[in-house]
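Structure record follows, encoded as structure tokens.
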Amino acid sequence: MVIFMKYFVLIPDGMADEKIAALGDLTPMEKANKPVCDELAKNSYIGTVSNVPDGMVPESDTANLAILSYDPKTYSKGRSPLEAVSMGIEMQPDETAYRCNVVTLSEEDDYDSRTMIDHSADEITTAEADQLIKALDEALGNDKMKFYTGVSYRHCLIIKNGNDKYSFMRPHDILGQPIREYLPKGPEGEIFYDLMKESQKILEHHPVNEARRARGLRPANSAWFWSPGKKPALPSFKEKWGLNGAVISAVDLIKGIGLCAEMKSIDVEGATGNIHTNFDGKAEAAIKAFNDGYEYVYVHVEAPDECGHRAEIDNKVLSVEKIDKQILAPVLEYLKGTGEPFKIMILPDHPTPIRIRTHSIDPVPFMIYSSEHNYDGVDSFTEASAADKNNYHPNGYELMNVLIEK
């Protein structure tokens with residue numbers, strides 16, 4: 001009987017952080033009670049890796065492409081086209097996709113004088129956002145421009161012959177700041193500036209937002225565009241590695257990467273991309289994927305990243321603990337029970353420090369556990385313990401070679 005190695009890759013998005021005074025000068029990884037991860041770390045290969053090449057923006061598309069072995073300098077075309085693939089949008093070569101956040105801005109009469117309050121509009125529900133996106137499409141869409149609903153605050157705008165080179169500001173990078181200096185400018189940015197101003201007029205007093213205000217929630221009172229790109233293309237993951245791969249994520253971006261790589265994208269009911277996601281369901285889906293014959297299962301969990309953006313210190317710690325208890329523990333128990341060899345790799349794609357409320361380009365800690373080999377690991381998997389091992393990998397897209405030992 002042929003015995004195949006199983007690979008479980010767990011991505012706690014944005015988990016890496018800095019020491020925080022409110023946590024007793026510990027990072028969320030250091031503060032979190034994560035016994036399963038730390039026990040594995042004692043016999044794991046531990047180090048740090050740069051998933052974002054120098055000169056590139058530390059976004060999740062770039063970092064997750066690298067983890068999945070695709071050099072971002074070659075394959076990164078912007079996150080929006082990848083999200084469009086996940087939404088089932090059949091992009092044409094002459095079309096450009098743009099991420100369309102529904103955000104909360106302060107409510108001064110002069111649009112340019114407003115401040116970016118929340119890039120996620122209090123993590124608006126998909127059902128509410130769908131009504132807003134449909135209202136934008138009805139008012140602003142035409143035969144060259146269309147809005148598509150994604151998940152929560154993350155949506156898509158497709159423009160025929162649109163500019164895929166314009167450099168937009170990312171909304172999560174300017175939280176609490178006046179938007180005037182970050183609005184699209186000049187002849188190339190004029191169309192997007194006009195769309196954003198018009199979107200505010202449509203959304204400001206939409207019934208969805210009035211109902212949210214009545215419940216004490218932030219309104220999604222403007223669209224914000226960023227990360228343009230053309231139709232993506234990735235080499236087949238299976239042809240590259242000889243493995244049947246599956247991706248499990250609540251985020252369209254990660255699903256889109258998987259689909260472009262001809263991997264299976266598995267949806268989990270109740271997976272939200274925040275602290276209230278269905279952690280148990282993700283573990284169950286991973287186990288089912290292995291049972292269905294997938295040798296490589298990639299589970300992405302957005303919760304730590306969203307907590308970093310929202311500066312929710314306690315929730316970031318809690319998200320790490322839930323990932324350990326509700327995802328890693330049951331999947332590890334299953335893999336041990338198969339009696340077959342397996343490996344587990346755990347790493348955040350990038351840091352999302354609470355202090356800055358956005359992504360940083362710093363290297364992240366990683367650990368690779370093998371059921372067939374004991375490494376000289378660490379007592380607890382943290383940013384500092386990983387750095388102390390002096391196993392630094394400068395190119396994240398090459399780390400797969402270490403995992404699979406190709």
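Every chain in the structure tokens has a letter given in the order shown (A, B, ...), and although residue numbers restart at 1 in each chain, ligands are simply numbered from 1 in the order shown.
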
Enumerate, as a list in words, the complete set of residues in range 28-139 of chain A that a backbone-based DSSP assignment places in strand (DSSP E or B).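 The residues of range 28-139 of chain A classed as strand (DSSP E or B) are Tyr45, Ile46, Gly47, Thr48, Val49, Glu95, Thr96, Ala97, Tyr98, Arg99, Cys100, Asn101, Val102, Val103, Thr104, Leu105, Thr115, Met116, Ile117 and Asp118 of chain A.
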
Counting only C-alpha atoms, give me one row per residue of range 59-103 of chain A with an atom at most 9 Å from an atom of range 154-164 of chain A, showing the shortest contact pair and its distance in Å to one decimal, sorted by chain then residue number, as CSV.
residue,atom,partner,partner_atom,distance
A:Gly78,CA,A:Asp164,CA,8.9
A:Ser80,CA,A:Cys156,CA,6.8
A:Pro81,CA,A:Cys156,CA,8.7
A:Glu83,CA,A:Cys156,CA,7.6
A:Ala84,CA,A:Cys156,CA,6.7
A:Met87,CA,A:Cys156,CA,8.9
A:Met91,CA,A:Ile158,CA,8.2
A:Gln92,CA,A:Lys160,CA,8.5
A:Asp94,CA,A:Asn161,CA,5.4
A:Glu95,CA,A:Lys160,CA,4.4
A:Thr96,CA,A:Gly162,CA,5.3
A:Ala97,CA,A:Ile158,CA,4.6
A:Tyr98,CA,A:Leu157,CA,5.1
A:Arg99,CA,A:Cys156,CA,4.9
A:Cys100,CA,A:His155,CA,4.8
A:Asn101,CA,A:Arg154,CA,5.1
A:Val102,CA,A:Arg154,CA,7.2

Please produce a file of the residues just selected, as a short mmCIF file (atom, residue, chain, number, x, y, z; two decimals), in the first residue's frame, where the atoms kept are C-alpha atoms.
data_model
loop_
_atom_site.label_atom_id
_atom_site.label_comp_id
_atom_site.auth_asym_id
_atom_site.auth_seq_id
_atom_site.Cartn_x
_atom_site.Cartn_y
_atom_site.Cartn_z
CA GLY A 78 -3.17 43.20 -7.40
CA SER A 80 -8.83 42.69 -6.70
CA PRO A 81 -8.55 40.36 -9.71
CA GLU A 83 -11.07 38.39 -5.39
CA ALA A 84 -13.01 38.73 -8.64
CA MET A 87 -16.72 35.85 -6.79
CA MET A 91 -12.93 38.98 -16.32
CA GLN A 92 -12.06 39.87 -19.89
CA ASP A 94 -9.53 44.50 -21.33
CA GLU A 95 -11.17 44.75 -17.89
CA THR A 96 -9.63 45.99 -14.64
CA ALA A 97 -10.79 44.98 -11.18
CA TYR A 98 -10.68 47.30 -8.16
CA ARG A 99 -11.27 46.47 -4.51
CA CYS A 100 -14.30 48.43 -3.32
CA ASN A 101 -14.47 48.77 0.46
CA VAL A 102 -17.61 50.18 2.03
#

Residue contacts of His393 in chain A (9 Å, only C-alpha atoms) excluding same-chain residues fewer than 2 positions away, as a PyMOL selection string: chain A and resi 47-50+363+391+395-396+398-399

Polymer residues at most 8 Å from Ile133 in chain A, only C-alpha atoms, same-chain spacing of 4 or more positions, as number ranges by chain: A: 129, 137, 147-149, 155

Give me the range 315-340 of chain A side of the contact with range 10-25 of chain A, cut-off 12 Å, one line per residue showing its nearest atom pair and distance in Å at one decimal, counting only C-alpha atoms, sorted by chain and residue number, as JSON lines.
{"residue": "A:Asn315", "atom": "CA", "partner": "A:Met15", "partner_atom": "CA", "distance": 11.4}
{"residue": "A:Lys316", "atom": "CA", "partner": "A:Met15", "partner_atom": "CA", "distance": 7.7}
{"residue": "A:Val317", "atom": "CA", "partner": "A:Met15", "partner_atom": "CA", "distance": 9.0}
{"residue": "A:Leu318", "atom": "CA", "partner": "A:Met15", "partner_atom": "CA", "distance": 11.1}
{"residue": "A:Ser319", "atom": "CA", "partner": "A:Pro12", "partner_atom": "CA", "distance": 8.7}
{"residue": "A:Val320", "atom": "CA", "partner": "A:Met15", "partner_atom": "CA", "distance": 7.4}
{"residue": "A:Glu321", "atom": "CA", "partner": "A:Pro12", "partner_atom": "CA", "distance": 10.7}
{"residue": "A:Lys322", "atom": "CA", "partner": "A:Pro12", "partner_atom": "CA", "distance": 10.5}
{"residue": "A:Ile323", "atom": "CA", "partner": "A:Pro12", "partner_atom": "CA", "distance": 7.6}
{"residue": "A:Asp324", "atom": "CA", "partner": "A:Pro12", "partner_atom": "CA", "distance": 9.8}
{"residue": "A:Ile327", "atom": "CA", "partner": "A:Leu10", "partner_atom": "CA", "distance": 8.8}
{"residue": "A:Leu328", "atom": "CA", "partner": "A:Leu10", "partner_atom": "CA", "distance": 8.0}
{"residue": "A:Ala329", "atom": "CA", "partner": "A:Leu10", "partner_atom": "CA", "distance": 11.7}
{"residue": "A:Val331", "atom": "CA", "partner": "A:Leu10", "partner_atom": "CA", "distance": 10.4}
{"residue": "A:Leu332", "atom": "CA", "partner": "A:Leu10", "partner_atom": "CA", "distance": 11.4}

Restricting the output to N, CA and C atoms, write the selected residues as a PDB file, in the first residue's frame.
ATOM      1  N   ASN A 315      -9.024  40.654  21.888  1.00  0.00           N
ATOM      2  CA  ASN A 315      -9.562  39.778  20.854  1.00  0.00           C
ATOM      3  C   ASN A 315      -8.465  39.164  19.992  1.00  0.00           C
ATOM      4  N   LYS A 316      -7.369  39.892  19.806  1.00  0.00           N
ATOM      5  CA  LYS A 316      -6.271  39.308  19.036  1.00  0.00           C
ATOM      6  C   LYS A 316      -5.672  38.130  19.789  1.00  0.00           C
ATOM      7  N   VAL A 317      -5.496  38.290  21.085  1.00  0.00           N
ATOM      8  CA  VAL A 317      -5.022  37.164  21.906  1.00  0.00           C
ATOM      9  C   VAL A 317      -6.017  36.010  21.834  1.00  0.00           C
ATOM     10  N   LEU A 318      -7.301  36.333  21.981  1.00  0.00           N
ATOM     11  CA  LEU A 318      -8.339  35.302  21.942  1.00  0.00           C
ATOM     12  C   LEU A 318      -8.367  34.583  20.608  1.00  0.00           C
ATOM     13  N   SER A 319      -8.162  35.297  19.524  1.00  0.00           N
ATOM     14  CA  SER A 319      -8.190  34.657  18.210  1.00  0.00           C
ATOM     15  C   SER A 319      -7.073  33.629  18.077  1.00  0.00           C
ATOM     16  N   VAL A 320      -5.900  33.943  18.611  1.00  0.00           N
ATOM     17  CA  VAL A 320      -4.782  32.981  18.583  1.00  0.00           C
ATOM     18  C   VAL A 320      -5.143  31.741  19.397  1.00  0.00           C
ATOM     19  N   GLU A 321      -5.779  31.948  20.541  1.00  0.00           N
ATOM     20  CA  GLU A 321      -6.163  30.820  21.387  1.00  0.00           C
ATOM     21  C   GLU A 321      -7.228  29.948  20.723  1.00  0.00           C
ATOM     22  N   LYS A 322      -8.173  30.586  20.054  1.00  0.00           N
ATOM     23  CA  LYS A 322      -9.219  29.821  19.367  1.00  0.00           C
ATOM     24  C   LYS A 322      -8.644  29.018  18.199  1.00  0.00           C
ATOM     25  N   ILE A 323      -7.714  29.589  17.473  1.00  0.00           N
ATOM     26  CA  ILE A 323      -7.074  28.861  16.374  1.00  0.00           C
ATOM     27  C   ILE A 323      -6.365  27.626  16.902  1.00  0.00           C
ATOM     28  N   ASP A 324      -5.675  27.775  18.019  1.00  0.00           N
ATOM     29  CA  ASP A 324      -4.956  26.642  18.616  1.00  0.00           C
ATOM     30  C   ASP A 324      -5.919  25.549  19.078  1.00  0.00           C
ATOM     31  N   ILE A 327      -8.957  24.738  15.875  1.00  0.00           N
ATOM     32  CA  ILE A 327      -8.526  24.317  14.537  1.00  0.00           C
ATOM     33  C   ILE A 327      -7.332  23.377  14.617  1.00  0.00           C
ATOM     34  N   LEU A 328      -6.239  23.838  15.222  1.00  0.00           N
ATOM     35  CA  LEU A 328      -5.024  23.022  15.245  1.00  0.00           C
ATOM     36  C   LEU A 328      -5.222  21.723  16.023  1.00  0.00           C
ATOM     37  N   ALA A 329      -5.827  21.798  17.200  1.00  0.00           N
ATOM     38  CA  ALA A 329      -5.972  20.604  18.044  1.00  0.00           C
ATOM     39  C   ALA A 329      -6.750  19.484  17.348  1.00  0.00           C
ATOM     40  N   VAL A 331      -7.406  19.000  14.120  1.00  0.00           N
ATOM     41  CA  VAL A 331      -6.739  18.534  12.903  1.00  0.00           C
ATOM     42  C   VAL A 331      -5.530  17.688  13.259  1.00  0.00           C
ATOM     43  N   LEU A 332      -4.777  18.100  14.270  1.00  0.00           N
ATOM     44  CA  LEU A 332      -3.629  17.298  14.721  1.00  0.00           C
ATOM     45  C   LEU A 332      -4.086  15.924  15.207  1.00  0.00           C
TER      46      LEU A 332
END

Neighbours of Asp252 in chain A within 7 Å (only C-alpha atoms; same-chain residues fewer than 2 positions away dropped), as a list in words?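 The filter keeps Glu83, Ser86, Met87, Ala250, Ile254, Lys255 and Gly256 of chain A.
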
Contacts of range 199-202 of chain A at 6 Å (only C-alpha atoms; same-chain gap of 5+ positions) as a VMD selection string: chain A and resid 221 to 223

Find the residues around Glu59 in chain A up to 10 Å (only C-alpha atoms counted), leave out those fewer than 5 positions away in its own chain, and share them as a list in words. Asn51, Val52, Asn64, Gly78, Arg79, Arg170, Ser227, Asp349, His350, Thr358, His359, Ser360 and Ile361 of chain A

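Distances from A:Lys185, A:Lys343, A:Arg180, A:His309 to Glu372 in chain A were compared using only C-alpha atoms, and the smallest one belongs to A:Lys343.
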